[in-house]
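Participant: Have a peek at start-v4.txt (compact mmCIF, C-alpha atoms).
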# COMPACT_ATOMS: atom_id res chain seq x y z
CA MET A 14 -20.97 42.96 23.70
CA GLY A 15 -23.81 41.26 21.87
CA THR A 16 -26.05 44.31 21.78
CA PHE A 17 -23.76 46.05 19.37
CA LEU A 18 -23.14 43.25 16.89
CA ASN A 19 -25.00 42.97 13.59
CA LYS A 20 -26.72 46.32 13.93
CA PRO A 21 -29.52 46.72 11.39
CA LYS A 22 -28.91 49.21 8.60
CA LEU A 23 -31.08 52.29 9.04
CA SER A 24 -32.51 54.39 6.21
CA PHE A 25 -31.59 58.05 5.75
CA TRP A 26 -34.98 59.06 7.16
CA GLN A 27 -34.64 56.83 10.21
CA ILE A 28 -31.28 58.45 11.00
CA LEU A 29 -32.84 61.88 10.41
CA ASN A 30 -35.79 61.19 12.75
CA MET A 31 -33.39 59.88 15.38
CA ASN A 32 -31.54 63.21 15.35
CA VAL A 33 -34.42 65.72 15.09
CA GLY A 34 -34.13 66.37 18.83
CA PHE A 35 -30.64 67.71 18.23
CA PHE A 36 -32.30 70.61 16.40
CA GLY A 37 -34.05 71.79 19.57
CA ILE A 38 -30.93 71.39 21.69
CA GLN A 39 -28.91 73.44 19.21
CA TYR A 40 -31.56 76.19 18.92
CA SER A 41 -31.00 76.68 22.64
CA PHE A 42 -27.21 76.68 22.23
CA GLY A 43 -27.61 79.22 19.42
CA LEU A 44 -29.43 81.56 21.80
CA GLN A 45 -26.67 81.07 24.36
CA GLN A 46 -24.00 81.95 21.82
CA SER A 47 -25.65 85.00 20.30
CA ALA A 48 -28.31 86.31 22.73
CA VAL A 49 -26.97 85.77 26.26
CA THR A 50 -24.01 88.18 25.99
CA PRO A 51 -26.23 91.02 24.65
CA ILE A 52 -28.71 90.30 27.48
CA TYR A 53 -25.83 90.67 29.95
CA ASP A 54 -24.90 93.92 28.17
CA PHE A 55 -28.50 95.20 28.43
CA LEU A 56 -28.43 94.35 32.16
CA GLY A 57 -25.27 96.45 32.65
CA ALA A 58 -22.33 93.99 32.51
CA SER A 59 -18.84 95.38 31.81
CA PRO A 60 -16.69 93.69 29.07
CA ASP A 61 -14.32 91.97 31.50
CA GLN A 62 -17.28 90.53 33.52
CA ILE A 63 -18.68 88.67 30.48
CA PRO A 64 -16.31 85.64 30.54
CA LEU A 65 -17.05 84.94 34.22
CA LEU A 66 -20.80 85.29 33.65
CA HIS A 67 -20.49 82.53 31.01
CA LEU A 68 -18.93 80.11 33.50
CA ALA A 69 -22.25 78.24 33.80
CA GLY A 70 -21.95 76.48 30.44
CA PRO A 71 -18.56 74.83 30.83
CA VAL A 72 -18.96 73.99 34.53
CA THR A 73 -22.32 72.26 34.06
CA GLY A 74 -20.93 70.47 31.00
CA LEU A 75 -17.94 69.28 33.00
CA LEU A 76 -20.14 67.88 35.78
CA VAL A 77 -23.30 66.79 33.98
CA GLN A 78 -22.25 65.17 30.69
CA PRO A 79 -19.79 62.52 31.92
CA ILE A 80 -22.07 61.62 34.87
CA VAL A 81 -25.11 61.33 32.57
CA GLY A 82 -22.98 59.29 30.16
CA ALA A 83 -21.91 56.87 32.89
CA LEU A 84 -25.49 56.60 34.18
CA SER A 85 -26.94 55.98 30.71
CA ASP A 86 -24.39 53.21 30.06
CA LYS A 87 -25.74 51.43 33.15
CA THR A 88 -29.45 52.13 32.45
CA TRP A 89 -32.07 50.01 30.74
CA SER A 90 -35.85 50.31 30.86
CA PRO A 91 -38.00 48.09 28.59
CA LYS A 92 -40.45 50.98 28.28
CA PHE A 93 -38.16 54.02 28.04
CA GLY A 94 -34.82 52.65 26.81
CA ARG A 95 -31.23 53.53 27.74
CA ARG A 96 -30.53 57.03 26.41
CA LYS A 97 -34.06 58.38 25.81
CA PRO A 98 -35.00 59.05 29.48
CA PHE A 99 -32.07 61.46 29.68
CA PHE A 100 -33.12 63.27 26.47
CA LEU A 101 -36.54 63.90 27.99
CA ILE A 102 -35.34 65.09 31.42
CA GLY A 103 -32.85 67.44 29.73
CA ALA A 104 -35.45 68.85 27.33
CA ILE A 105 -37.92 69.59 30.16
CA LEU A 106 -35.25 71.43 32.19
CA CYS A 107 -34.13 73.34 29.12
CA SER A 108 -37.64 74.42 28.15
CA LEU A 109 -38.44 75.68 31.66
CA ALA A 110 -35.22 77.72 31.76
CA LEU A 111 -35.90 79.21 28.32
CA LEU A 112 -39.40 80.25 29.42
CA ALA A 113 -38.03 81.96 32.54
CA PHE A 114 -34.91 83.58 31.03
CA PRO A 115 -36.53 86.73 29.54
CA PHE A 116 -37.94 87.62 32.95
CA SER A 117 -34.38 88.18 34.26
CA SER A 118 -34.34 91.45 36.18
CA SER A 119 -30.66 91.38 37.16
CA LEU A 120 -27.32 90.02 35.97
CA TRP A 121 -27.24 87.33 38.63
CA MET A 122 -30.75 86.12 37.88
CA ALA A 123 -29.77 85.72 34.20
CA ALA A 124 -26.54 83.96 35.19
CA GLY A 125 -28.46 81.58 37.50
CA LEU A 126 -30.96 80.67 34.80
CA LEU A 127 -28.07 80.04 32.40
CA TRP A 128 -26.83 77.36 34.83
CA ILE A 129 -30.20 75.60 34.69
CA LEU A 130 -30.43 75.97 30.91
CA ASP A 131 -26.97 74.48 30.46
CA ALA A 132 -27.69 71.61 32.83
CA GLY A 133 -30.75 70.74 30.71
CA ASN A 134 -28.88 71.04 27.41
CA ASN A 135 -25.99 68.90 28.64
CA THR A 136 -28.29 66.22 30.05
CA ALA A 137 -30.01 65.93 26.67
CA MET A 138 -26.96 66.21 24.41
CA GLU A 139 -24.46 63.70 25.77
CA PRO A 140 -26.67 60.60 25.36
CA TYR A 141 -27.34 61.73 21.78
CA ARG A 142 -23.69 61.17 20.87
CA ALA A 143 -23.78 57.75 22.52
CA LEU A 144 -27.04 56.85 20.71
CA ILE A 145 -25.28 57.24 17.34
CA ALA A 146 -22.52 54.89 18.45
CA ASP A 147 -25.12 52.46 19.90
CA LYS A 148 -27.40 52.22 16.88
CA LEU A 149 -25.16 52.66 13.84
CA ASP A 150 -22.36 50.47 12.54
CA GLU A 151 -19.04 52.00 11.43
CA ALA A 152 -20.25 52.47 7.86
CA GLN A 153 -23.24 54.57 8.99
CA GLN A 154 -21.63 56.42 11.90
CA PRO A 155 -20.24 59.23 9.68
CA LEU A 156 -23.78 59.95 8.44
CA GLY A 157 -25.12 59.80 12.00
CA PHE A 158 -22.59 62.24 13.47
CA GLN A 159 -22.82 64.61 10.49
CA MET A 160 -26.63 64.50 10.72
CA GLN A 161 -26.11 66.00 14.16
CA SER A 162 -23.83 68.59 12.57
CA PHE A 163 -26.60 69.35 10.05
CA PHE A 164 -29.16 69.88 12.82
CA THR A 165 -26.63 71.95 14.75
CA GLY A 166 -26.49 74.31 11.79
CA LEU A 167 -30.24 74.33 11.25
CA GLY A 168 -31.12 74.91 14.92
CA GLN A 169 -28.60 77.69 15.34
CA VAL A 170 -29.68 79.33 12.06
CA LEU A 171 -33.22 79.62 13.43
CA ALA A 172 -31.93 80.99 16.73
CA ASN A 173 -29.76 83.63 15.06
CA VAL A 174 -32.33 84.60 12.44
CA SER A 175 -34.83 85.13 15.27
CA LEU A 176 -32.41 87.71 16.70
CA PHE A 177 -32.62 89.61 13.41
CA VAL A 178 -36.31 89.16 12.54
CA PHE A 179 -38.00 89.41 15.97
CA PRO A 180 -36.65 92.92 16.80
CA LEU A 181 -38.41 94.09 13.60
CA ILE A 182 -41.72 92.54 14.75
CA PHE A 183 -41.61 92.85 18.56
CA ILE A 184 -40.66 96.46 19.20
CA GLY A 185 -40.02 98.09 22.57
CA THR A 186 -39.11 96.66 25.96
CA THR A 187 -40.87 94.43 28.47
CA GLY A 188 -39.38 94.66 31.96
CA ALA A 189 -35.60 95.04 31.81
CA LEU A 190 -35.18 93.53 28.33
CA PRO A 191 -36.27 94.16 24.73
CA THR A 192 -39.55 92.39 23.84
CA TRP A 193 -37.91 90.36 21.04
CA VAL A 194 -35.94 88.43 23.69
CA TYR A 195 -39.22 86.94 24.96
CA ALA A 196 -40.24 85.79 21.47
CA SER A 197 -36.86 84.16 20.73
CA PHE A 198 -36.68 82.30 24.03
CA PHE A 199 -40.33 81.18 24.03
CA LEU A 200 -39.86 79.72 20.53
CA GLY A 201 -36.74 77.97 21.84
CA ALA A 202 -38.76 76.37 24.65
CA VAL A 203 -41.26 74.94 22.15
CA CYS A 204 -38.49 73.66 19.84
CA SER A 205 -36.57 72.05 22.70
CA ILE A 206 -39.35 69.85 24.07
CA GLY A 207 -41.15 69.33 20.74
CA THR A 208 -38.19 67.98 18.77
CA ILE A 209 -37.04 65.69 21.59
CA LEU A 210 -40.54 64.19 21.85
CA TRP A 211 -40.48 63.61 18.06
CA SER A 212 -37.18 61.71 18.19
CA ILE A 213 -38.23 59.67 21.22
CA SER A 214 -41.47 58.62 19.50
CA LYS A 215 -39.72 57.68 16.23
CA THR A 216 -36.66 55.84 17.61
CA LYS A 217 -36.35 52.41 19.20
CA GLU A 218 -33.18 51.62 21.06
CA ILE A 219 -31.40 48.28 20.65
CA PRO A 220 -32.24 46.18 23.75
CA PRO A 221 -29.44 44.53 25.71
CA THR A 222 -28.95 40.77 25.54
CA GLU A 223 -29.89 38.54 28.47
CA GLU A 224 -26.20 38.36 29.37
CA GLU A 225 -25.94 42.17 29.47
CA LEU A 226 -29.14 42.50 31.49
CA ALA A 227 -27.81 40.04 34.03
CA LYS A 228 -24.58 42.03 34.27
CA LEU A 229 -26.49 45.31 34.71
CA ARG A 230 -28.65 43.80 37.48
CA SER A 231 -25.65 42.29 39.27
CA GLU A 232 -23.68 45.54 39.45
CA LYS A 233 -23.90 47.36 42.76
CA ARG A 234 -25.33 50.86 42.46
CA SER A 235 -23.93 53.71 44.54
CA VAL A 236 -23.93 57.48 44.53
CA LEU A 237 -20.20 57.46 43.77
CA GLY A 238 -20.56 54.80 41.03
CA PRO A 239 -20.70 57.21 38.07
CA LEU A 240 -17.69 59.17 39.38
CA ILE A 241 -15.67 55.98 39.87
CA GLU A 242 -16.59 54.93 36.31
CA ILE A 243 -15.48 58.32 34.93
CA PHE A 244 -12.07 58.17 36.63
CA SER A 245 -11.62 54.56 35.56
CA ALA A 246 -12.44 55.45 31.94
CA ILE A 247 -9.99 58.40 31.99
CA LYS A 248 -7.26 56.07 33.33
CA ASP A 249 -7.93 53.63 30.44
CA MET A 250 -8.38 56.35 27.80
CA PRO A 251 -6.78 55.57 24.39
CA LYS A 252 -3.88 57.76 23.24
CA VAL A 253 -5.87 59.30 20.38
CA MET A 254 -8.32 60.79 22.88
CA TRP A 255 -5.49 62.51 24.78
CA GLN A 256 -4.34 63.94 21.45
CA LEU A 257 -7.87 65.14 20.71
CA ALA A 258 -7.90 66.84 24.13
CA LEU A 259 -4.93 68.99 23.03
CA VAL A 260 -6.71 69.97 19.79
CA TYR A 261 -9.82 70.85 21.78
CA LEU A 262 -7.85 72.98 24.26
CA PHE A 263 -7.05 75.54 21.55
CA GLN A 264 -10.16 75.01 19.43
CA TRP A 265 -12.79 75.58 22.12
CA TYR A 266 -10.91 78.38 23.90
CA ALA A 267 -10.96 80.15 20.53
CA LEU A 268 -14.68 79.62 19.96
CA PHE A 269 -15.66 81.06 23.32
CA CYS A 270 -13.55 84.14 22.50
CA TYR A 271 -15.52 84.58 19.27
CA TRP A 272 -19.00 84.02 20.73
CA GLN A 273 -18.43 86.42 23.61
CA ASN A 274 -17.02 89.19 21.44
CA SER A 275 -18.62 88.94 17.99
CA SER A 276 -21.42 91.49 18.57
CA LYS A 277 -19.10 94.05 20.15
CA SER A 278 -16.48 93.51 17.42
CA VAL A 279 -19.07 94.15 14.69
CA ALA A 280 -20.37 97.20 16.57
CA LEU A 281 -16.85 98.69 16.63
CA SER A 282 -15.61 97.70 13.17
CA VAL A 283 -18.82 98.58 11.27
CA TRP A 284 -20.66 101.16 13.42
CA ASN A 285 -17.83 102.41 15.69
CA VAL A 286 -20.01 102.17 18.82
CA THR A 287 -19.94 100.28 22.14
CA PRO A 288 -22.90 99.07 24.25
CA SER A 289 -22.53 102.09 26.56
CA SER A 290 -21.79 104.78 23.93
CA ASN A 291 -24.94 104.19 21.86
CA PRO A 292 -27.25 101.37 23.07
CA GLU A 293 -29.70 101.79 20.16
CA VAL A 294 -27.04 101.43 17.47
CA TYR A 295 -25.42 98.62 19.46
CA SER A 296 -28.77 96.82 19.41
CA GLU A 297 -28.68 97.12 15.59
CA ALA A 298 -25.18 95.60 15.61
CA VAL A 299 -26.46 92.70 17.77
CA SER A 300 -29.24 92.03 15.27
CA TRP A 301 -26.81 92.10 12.35
CA THR A 302 -24.39 89.79 14.17
CA GLY A 303 -27.31 87.42 14.69
CA LEU A 304 -27.80 87.37 10.93
CA VAL A 305 -24.05 86.82 10.35
CA ASN A 306 -23.98 83.98 12.88
CA GLY A 307 -27.12 82.60 11.29
CA TRP A 308 -25.23 82.50 7.98
CA TYR A 309 -22.31 80.47 9.33
CA ASN A 310 -24.84 77.93 10.55
CA VAL A 311 -26.48 77.88 7.09
CA VAL A 312 -23.03 77.03 5.72
CA THR A 313 -22.74 74.32 8.38
CA PHE A 314 -25.88 72.46 7.37
CA LEU A 315 -25.08 72.93 3.65
CA VAL A 316 -21.63 71.33 3.92
CA ALA A 317 -22.22 68.82 6.77
CA PHE A 318 -23.08 65.87 4.54
CA ALA A 319 -20.32 66.66 2.02
CA LEU A 320 -17.79 66.22 4.82
CA VAL A 321 -18.96 62.60 5.24
CA GLY A 322 -17.64 61.73 1.78
CA PHE A 323 -14.42 63.69 2.26
CA ALA A 324 -13.78 61.98 5.63
CA LYS A 325 -14.14 58.55 4.02
CA LYS A 326 -11.91 59.52 1.09
CA TYR A 327 -9.16 61.55 2.77
CA SER A 328 -9.46 60.61 6.51
CA PRO A 329 -11.26 62.53 9.25
CA LYS A 330 -7.96 64.00 10.49
CA LYS A 331 -7.10 65.72 7.20
CA VAL A 332 -10.66 66.99 6.76
CA HIS A 333 -10.73 68.47 10.26
CA ALA A 334 -7.31 70.13 9.85
CA PHE A 335 -8.37 71.72 6.54
CA CYS A 336 -11.64 72.98 8.04
CA LEU A 337 -9.78 74.49 11.02
CA ILE A 338 -7.49 76.44 8.67
CA ILE A 339 -10.49 77.83 6.78
CA ALA A 340 -12.14 78.84 10.07
CA ALA A 341 -8.93 80.47 11.33
CA LEU A 342 -8.63 82.59 8.19
CA GLY A 343 -12.23 83.71 8.67
CA PHE A 344 -11.56 84.80 12.26
CA LEU A 345 -8.35 86.63 11.31
CA THR A 346 -10.21 88.60 8.64
CA PHE A 347 -13.44 89.27 10.58
CA PRO A 348 -12.42 92.16 12.90
CA HIS A 349 -10.93 94.23 10.05
CA ILE A 350 -14.11 94.38 7.96
CA GLU A 351 -15.92 97.75 7.89
CA ASN A 352 -18.67 96.79 5.39
CA LYS A 353 -21.35 94.81 7.20
CA ASN A 354 -22.18 92.75 4.09
CA ILE A 355 -18.61 91.46 3.68
CA LEU A 356 -18.80 89.93 7.16
CA PHE A 357 -20.75 87.07 5.58
CA PHE A 358 -17.76 86.08 3.43
CA ALA A 359 -15.40 86.01 6.42
CA ILE A 360 -17.72 83.97 8.61
CA THR A 361 -18.30 81.38 5.85
CA GLY A 362 -14.91 79.93 6.84
CA PHE A 363 -16.11 79.39 10.38
CA GLY A 364 -19.29 77.77 9.04
CA ILE A 365 -17.17 75.13 7.31
CA GLY A 366 -15.05 74.69 10.44
CA TRP A 367 -18.14 74.42 12.66
CA ALA A 368 -19.59 71.66 10.44
CA SER A 369 -16.43 69.66 11.04
CA MET A 370 -16.17 70.45 14.76
CA MET A 371 -19.66 69.11 15.46
CA GLY A 372 -19.10 65.71 13.86
CA ILE A 373 -15.69 64.80 12.42
CA PRO A 374 -13.65 64.58 15.69
CA TYR A 375 -15.97 61.82 16.93
CA LEU A 376 -15.03 59.76 13.85
CA MET A 377 -11.34 60.13 14.75
CA VAL A 378 -11.84 58.38 18.09
CA VAL A 379 -15.05 56.29 18.05
CA SER A 380 -13.40 53.11 16.72
CA ASN A 381 -10.95 53.22 19.65
CA ILE A 382 -13.71 53.39 22.29
CA PRO A 383 -15.00 50.19 23.99
CA LYS A 384 -18.63 49.74 22.97
CA GLU A 385 -19.89 49.20 26.51
CA ARG A 386 -18.43 52.60 27.47
CA TYR A 387 -19.80 54.77 24.66
CA GLY A 388 -21.80 56.95 27.05
CA VAL A 389 -19.03 57.72 29.53
CA TYR A 390 -16.44 58.35 26.80
CA MET A 391 -18.75 60.72 24.92
CA GLY A 392 -19.12 62.53 28.24
CA ILE A 393 -15.34 62.64 28.64
CA ILE A 394 -15.01 64.12 25.14
CA ASN A 395 -17.36 66.83 26.34
CA MET A 396 -15.06 67.39 29.34
CA MET A 397 -12.36 68.10 26.76
CA ILE A 398 -14.66 70.79 25.34
CA VAL A 399 -15.67 72.41 28.61
CA ILE A 400 -12.32 72.47 30.41
CA PRO A 401 -10.91 74.90 27.77
CA MET A 402 -14.11 76.94 28.15
CA ILE A 403 -13.63 77.08 31.94
CA LEU A 404 -10.01 78.16 31.43
CA GLN A 405 -11.26 80.82 29.01
CA THR A 406 -13.87 82.19 31.39
CA LEU A 407 -11.31 82.36 34.22
CA THR A 408 -8.36 83.76 32.26
CA PHE A 409 -9.60 85.64 29.22
CA GLY A 410 -11.00 88.63 31.11
CA TYR A 411 -7.44 89.27 32.37
CA ILE A 412 -5.91 88.72 28.91
CA LEU A 413 -8.48 90.99 27.25
CA LYS A 414 -7.96 93.77 29.79
CA ASN A 415 -4.15 93.66 30.06
CA PHE A 416 -2.92 92.47 26.66
CA LEU A 417 -5.71 93.16 24.13
CA ASP A 418 -6.76 96.68 25.30
CA ASN A 419 -10.28 95.44 26.16
CA ASP A 420 -10.83 95.45 22.38
CA PRO A 421 -13.26 92.74 21.19
CA ARG A 422 -11.74 92.91 17.70
CA GLN A 423 -8.36 91.79 19.05
CA ALA A 424 -10.15 88.99 20.93
CA ILE A 425 -11.32 87.54 17.61
CA THR A 426 -7.85 87.84 16.07
CA PHE A 427 -6.54 85.96 19.10
CA ALA A 428 -9.17 83.25 18.43
CA GLY A 429 -7.91 82.90 14.83
CA VAL A 430 -4.34 82.30 16.02
CA LEU A 431 -5.54 79.63 18.47
CA LEU A 432 -7.34 77.80 15.64
CA LEU A 433 -4.10 77.69 13.65
CA ILE A 434 -2.39 76.06 16.65
CA ALA A 435 -5.30 73.57 16.86
CA THR A 436 -4.69 72.71 13.18
CA VAL A 437 -1.08 71.74 13.89
CA CYS A 438 -2.18 69.60 16.85
CA THR A 439 -4.76 67.85 14.64
CA LEU A 440 -2.14 66.94 12.05
CA LEU A 441 0.03 65.39 14.80
CA MET A 442 -2.76 62.99 15.89
CA THR A 443 -2.21 59.27 15.27
CA THR A 444 -5.50 58.06 13.77
CA LYS A 445 -6.50 55.31 11.38
CA LYS A 446 -5.85 56.32 7.78
CA GLN A 447 -9.26 55.29 6.56
CA LEU A 448 -12.67 54.66 8.05
CA SER A 449 -13.68 51.05 8.03
CA VAL A 450 -16.73 50.39 5.95
CA THR A 451 -17.67 47.21 7.77
CA PRO A 452 -18.73 46.95 11.38
CA LYS A 453 -16.18 45.58 13.81
CA SER A 454 -17.19 42.74 16.05
Any chance you could put this one into structure tokens?

Facilitator:
Amino acid sequence: MGTFLNKPKLSFWQILNMNVGFFGIQYSFGLQQSAVTPIYDFLGASPDQIPLLHLAGPVTGLLVQPIVGALSDKTWSPKFGRRKPFFLIGAILCSLALLAFPFSSSLWMAAGLLWILDAGNNTAMEPYRALIADKLDEAQQPLGFQMQSFFTGLGQVLANVSLFVFPLIFIGTTGALPTWVYASFFLGAVCSIGTILWSISKTKEIPPTEEELAKLRSEKRSVLGPLIEIFSAIKDMPKVMWQLALVYLFQWYALFCYWQNSSKSVALSVWNVTPSSNPEVYSEAVSWTGLVNGWYNVVTFLVAFALVGFAKKYSPKKVHAFCLIIAALGFLTFPHIENKNILFFAITGFGIGWASMMGIPYLMVVSNIPKERYGVYMGIINMMIVIPMILQTLTFGYILKNFLDNDPRQAITFAGVLLLIATVCTLLMTTKKQLSVTPKS
């Protein structure tokens, strides 16, 4: 398609401005990973209820991202663009949910708001992946995707550091929750809408050609259109994407196990307490885990750009497999550490793995995706992320209770083993040996 030929080279700063909105989206995801489970704990959830209470994220991702992707592929507004309207709608939804979340007075109110928050995040995030493929040629795509990895690290660092710093500043409780929860979530609301508005104002999308506009206008629109497009795209999906789906099955199941259990694992291994046995000390463990999770995101934004060079030199597949091994070793070590300071060394491995997970897999498949279907295929890649998460939320409560003694430390060991399996699946993928450095026509 003509739109995507001869794309102008963008400067480093243009690519950075284009991706600033990813920072706000990832601040929100950082709160979901590190703050939502403790909020559920404060509201009285039992350990085996936690996976089901997190069902919102994967289900909304499964429904929203591919539909938004298909819609954005078929959208063009001379004033607002193709992908940008979806960024804005998602950011508004996300900000409203973040503002309301601390006022949760019950488990089910918190769970309901998580559904809205996830719907907003997913609406904003999927078109961001497609925007990179739209605007950047093959030579610049590694920088574009890893810029998103960089902002993932930066946004989640701020979210996790807020969980450590704000309890020291905002002491006591307001309503059913500690006061620091309000500060963290209100800051998230500002970041979400503010960064998206920055990117929208600084980024122009490539307009479609007259031929493409005529095709867009001639296509019949229907309510079922996006769903038909999704199923059609899955039917035509290249083999490498099916192989990536297998990698993601183990990889993302493992990550949900870690995020749901990290605070409780640290509380047991370092302080030997549970949320019910000593809520005050458990709150200290939550704050420390926030700092630890903040550190792995620091590692992510420190190594994100280095992985661009390694991917070009050694292939994205080898880089991702290596990073998965490092992350797995970190998870296998994590639950056995009794000194809270040594936790930072273990989680560094996951920081390296997370930097790869947020960018490198897209490089393994993007050259096999038809350019006019970037949006829907980026949404389908997200389906590969959320289906394992749905499986985890539905099955892991049973596994944790019946096979892992309801012990969050064993949950994280289990996650490490799954990452090793994901490594083997990555090495079995059939991808191009090297990234092309010239755009394909």

Participant: Do you have the atom CA of Pro292 of chain A-atom CA of Asp54 of chain A distance handy?

Facilitator: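 Taking atom CA of Pro292 of chain A as the start and atom CA of Asp54 of chain A as the end point, the length is 9.3 Å.
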
Participant: For segment 68-107 of chain A versus segment 209-231 of chain A, which residues have an atom no more than 12 Å away, and what is each residue's nearest atom pair and distance in Å rounded to one decimal, using all atoms listed in the file, chain-then-number order, as a tab-separated table?

Facilitator:
residue	atom	partner	partner_atom	distance
A:Leu84	CA	A:Leu229	CA	11.3
A:Ser85	CA	A:Leu229	CA	11.4
A:Asp86	CA	A:Leu229	CA	9.4
A:Lys87	CA	A:Leu229	CA	6.4
A:Thr88	CA	A:Leu229	CA	7.8
A:Trp89	CA	A:Pro221	CA	7.9
A:Ser90	CA	A:Pro220	CA	9.0
A:Pro91	CA	A:Pro220	CA	7.8
A:Lys92	CA	A:Lys217	CA	10.1
A:Phe93	CA	A:Ile213	CA	8.9
A:Gly94	CA	A:Glu218	CA	6.1
A:Arg95	CA	A:Glu218	CA	7.2
A:Arg96	CA	A:Glu218	CA	8.1
A:Lys97	CA	A:Ile213	CA	6.3
A:Pro98	CA	A:Ile213	CA	8.9
A:Phe99	CA	A:Ile209	CA	10.4
A:Phe100	CA	A:Ile209	CA	6.7
A:Leu101	CA	A:Ile209	CA	6.7
A:Ile102	CA	A:Ile209	CA	10.0
A:Gly103	CA	A:Ile209	CA	9.3
A:Ala104	CA	A:Ile209	CA	6.7
A:Ile105	CA	A:Ile209	CA	9.5
A:Cys107	CA	A:Ile209	CA	11.1

Participant: Name the residues in contact with Thr439 of chain A at a cut-off of 12 Å, using all atoms listed in the file, excluding same-chain residues fewer than 2 positions from it; report them as a PyMOL selection string.

Facilitator: chain A and resi 253-264+328-338+370+373-374+377+432-437+441-444

Participant: Kindly give the distance, in Å, that separates atom CA of Trp265 of chain A and atom CA of Val399 of chain A, rounded to a single decimal.

Facilitator: 7.8 Å

Participant: Tell me which protein, DNA and RNA residues are within 12 Å of Gly133 of chain A, counting only C-alpha atoms, leaving out same-chain ones fewer than 6 positions away, and put them as a PyMOL selection string.

Facilitator: chain A and resi 37-39+41-42+69-70+73-74+77-78+81+99-111+126-127+139+202+205-206

Participant: Applying 10 Å and all atoms listed in the file, which residues near Ser47 of chain A remain after dropping the ones on its own chain fewer than 6 positions away? List them as a ChimeraX atom specification.

Facilitator: /A:169,172-173,176,272-276,299-300,302-304,306-307

Participant: Could you produce a table of the residues of segment 114-160 of chain A lying within 8 Å of segment 20-32 of chain A, with the nearest pair of atoms per residue and their separation in Å rounded to one decimal, using only C-alpha atoms, ordered by chain and increasing residue number, as a Markdown table?

Facilitator:
| residue | atom | partner | partner_atom | distance |
| --- | --- | --- | --- | --- |
| A:Tyr141 | CA | A:Asn32 | CA | 7.8 |
| A:Lys148 | CA | A:Lys20 | CA | 6.6 |
| A:Leu149 | CA | A:Lys20 | CA | 6.5 |
| A:Asp150 | CA | A:Lys20 | CA | 6.2 |
| A:Gln153 | CA | A:Lys22 | CA | 7.8 |
| A:Gly157 | CA | A:Ile28 | CA | 6.4 |
| A:Met160 | CA | A:Leu29 | CA | 6.7 |

Participant: What does the distance between atom CA of Thr136 of chain A and atom CA of Gly82 of chain A come to in Å, to one decimal place?

Facilitator: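 Interatomic distance here is 8.7 Å.
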
Participant: For segment 401-405 of chain A, list every protein, DNA or RNA residue within 7 Å, evaluated using only C-alpha atoms, and leave out those in the same chain fewer than 6 positions away; present the list as a ChimeraX atom specification.

Facilitator: /A:68,71-72,262,265-266,269

Participant: Between A:Ser118, A:Ser289, A:Thr361, A:Ser296, which residue has the minimum interatomic distance to Thr187 of chain A, considering only C-alpha atoms?

Facilitator: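 Once distances to Thr187 of chain A are computed over only C-alpha atoms, the minimum belongs to A:Ser118.
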
Participant: Taking 3 positions as the minimum chain separation for residues in the same chain, which residues sit within 8 Å of Phe198 of chain A when counting all atoms listed in the file? Answer as a list in words.

Facilitator: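 Listing them by chain and then by number gives Leu44, Leu111, Leu112, Phe114, Pro115, Val194, Tyr195, Gly201 and Ala202 of chain A.
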